[in-house]
Structures are given as C-alpha cells and as structure tokens.
Amino acid sequence: MTAGQKNTPARTRRTCALALAAAVLAGAAAVSPAAAADRAAPEAGAAAQQRPGAAFAVTSAEVTRGLYQSAYSARNDVLWATASVGRPPVTRSRLLKLDPDTLEVEASFTPPVLDPATGAVEAVYGVAVDDEHDTVWTTNTRNDSVAVYSQRTGRHLATLEDVAHAREVVVDERRDLAWASSYEDGSVVAFDTRTLKEVDRITLEGSGPMGLDLDARTGTVYAADLKGDRVLAFSRGSDEVRAIPVAGEGAIGIDLTRNGRTAYVAEQTSGTVSVVDLRTGGVTRSVATGAGALSVSDDGRTGLLYVANRDSGTTTVVDPRKGTVLADLATGARSNHVTVARGAAYVLDKSASGADSADSAHRITGRR
C-alpha cells in the first residue's frame, strides 16, 4: 500500500448486545469494603510527595509543544511520541522518536498535509507500536482516522478512515490486528496489520470507548467507556460485549496486568483509579490519586501502578494490592499520559510551560 492510500469499506460491521453476567451485576451493585474504604480516604497523593522508604526520582526534558501520548518499541529501543498543537486547522504536528534514557529527540516526522491552502496536516494524537511489522500506528483524532508509519524511516504508509474521533489504538501482534477506539459512534475498529485493511467493527450503541488495552493471551480487547463509566470487553468474531461497571466517574484510561486478570481504570472526573477483577467482574479497590486522573500504566515487574493526573499536575505511584499511595511526583502542570517500559515510567506533559511553550517528557525511576 502506498503512502496516503485509503482503506476499503469494513468487512464486518456488528452492532452488539450488551451482556451482563451475574458476577458483573454483583460488581455494579456494590463496591467491596476495601474499595469503599479506599475511595472514602482523602486524596493523600495530592498532599504528600513520597512515603517513608520510597525512593523515586524524576528526570525531565523539554521536547516540543503539544505532546500527547507515547509508546515504547522494544525492537528499536525507542520511545515514540505524538505532538499536535491547537484546533483545526492543525498545522503543527509531529511524530517523534525519543531516546528512552535521555529523552532527547532522535528524529521528527511531519504528518501529510491535508489542505495546502491552510497548511493543515493529519495531526497525530494516540500512538502504539507494532514491532512485528516495524510500524507505528497513530490516531488522527481531528480527522476521524488512524495512520500507519514505518518505524525505520518514519514514512507515512497509510491513512485508514471512518474512525469517528479516534482516541487510542492498541496492537495485537500475535493476531496481526490493530484496534482503534471510535468514540463518537461507540465503536471499536479492527485493522489487519499486514494488509492495512479494516476487518471488523464492533458497536455498542450509547457507549463512548476511549482508552484501550488487550489480553494478549486471549485476544480480548478492553475499552474504558467514558459515557457509561464501565469497562467493555470485545472479541473479534463474537457478538457479545461484556460490561463491568467501575467505582469512579469519567472512565478514560485503562491498563491490564500481564496475566490479563486485572484491569486498572483511570477515572478523570472523580480523580480515582478502579482495580477491577476481570474474572469476577467486580471492583476490588478504588484509590484516590489526584484531580483529573487521565492515564494509567502498571509495571509488570514490580506490580506498581503509575497514574498521570492532568489537573493536579502529578503522577501518582500506587501499590494496587494494598491500595496505598507511595508517591505523588511533579510531572508538569498538565500531565497527560504515562507508559511503563524498561523499568521506568514515561510521562508526557501538556502545560506548554517550557521555552517557546515547549512541553516536557519525564522519566520516573526508583523503588518503593
């Protein structure tokens, strides 16, 4: 497929019924006593910096204005980041390769120009890597599409349309699929990562899928539903959508543990994170992290959880097993996204507080 080529109409489009198992209904009816206690506790993270014994350090670097999300490529040892500035027509947007150790920009690529008259480009926001095919996937939220770039050269390979207000994308390398959340029409759309064609579209009317993650073992995709304050579980080829209510309000970010048994959901309105048992469909804990909890990522090696709080300008480190806040770290006035890789948490800030209104990237290391 040549640069700029569009995809063909979807092969499979399904509007699915919502399935609520008994266990899920039980989870909706009440939060466990531990969860209720955590939720009732004051936002300790907003007042404290680090608990005794914790030793976390933050290194920062000014990058560029408009930083949005990042994703790590193990194949290339690169932190990919997106940046877009302003509202349409967006004329400033870049896909960046960052050194994960120094946070320095190794390369910068400009998306295709859509309108020569205004200079508007196909601005990039969400990002995920496909190390199997050596590509980067982005969501072009303002243009209702996703795009694919070469990791090796940064060349734009394809634009795949009809993803309404595309928010996030996640890659299932084992099954050669990339899933994108189509917020405005309540859909999750699957693309074949080899052919770059749409192969499935699952719609739950009335939903608003935002953050995405997947269970690599089963291929099940999990979406944070902003409109319904719940987790939605989709699978390719299935007409069933499972719904699991969360404890807080404004479900927007989601991250799964490696074993696929637990989901962590960042809830922007309530400033909390729900710990969800995906087997029983119940919330086991609800932890207050900070105002505007937007993005969440766990460290599979330590079990610690990192939550970027956009309104409080912090990243909170949580022990999800105990429901305790270990540290609340300054990561820019508008901490927008966090991802964990190589034993570090990488946070992107959108405060435009640096020189020439640059945003910063932050690298968190340390231990509890």
# chains A, B, ... in the order shown; residues from 1 in each chain; ligands from 1

$ residues_around --residues "Asp192 (chain A)" --least-positions-apart "3" --cutoff "8 Å" --atoms "only C-alpha atoms" --output "ChimeraX atom specification"
/A:176-178,195-199

$ atom_distance --atom1 "CA of Arg51 (chain A)" --atom2 "CA of Glu249 (chain A)"
26.9 Å

$ closest_residue --among "A:Thr102, A:Gln151, A:Asn143, A:Ser207" --to "Ala243 (chain A)" --atoms "only C-alpha atoms"
A:Ser207

$ closest_residue --among "A:Gly250, A:Val287, A:Val296, A:Thr12" --to "Ala190 (chain A)" --atoms "only C-alpha atoms"
A:Thr12

$ residues_around --residues "region 231-237 of chain A" --least-positions-apart "4" --cutoff "10 Å" --atoms "only C-alpha atoms" --output "number ranges by chain"
A: 12, 14, 16, 18-19, 177, 188-190, 199-204, 207-209, 211-214, 218-226, 241-246, 251-252, 254, 263-265, 276, 278, 281

$ closest_residue --among "A:Glu267, A:Trp80, A:Ala293, A:Val85" --to "Val105 (chain A)" --atoms "only C-alpha atoms"
A:Trp80

$ select_by_dssp --residues "region 113-247 of chain A" --states "strand (DSSP E)" --output "NGL selection string"
:A and (113-115 or 120-121 or 127-130 or 135-140 or 145-150 or 156-161 or 166-172 or 177-182 or 187-192 or 198-203 or 209-214 or 221-225 or 230-234 or 240-245)

$ atom_distance --atom1 "CA of Gln50 (chain A)" --atom2 "CA of Thr315 (chain A)"
11.5 Å
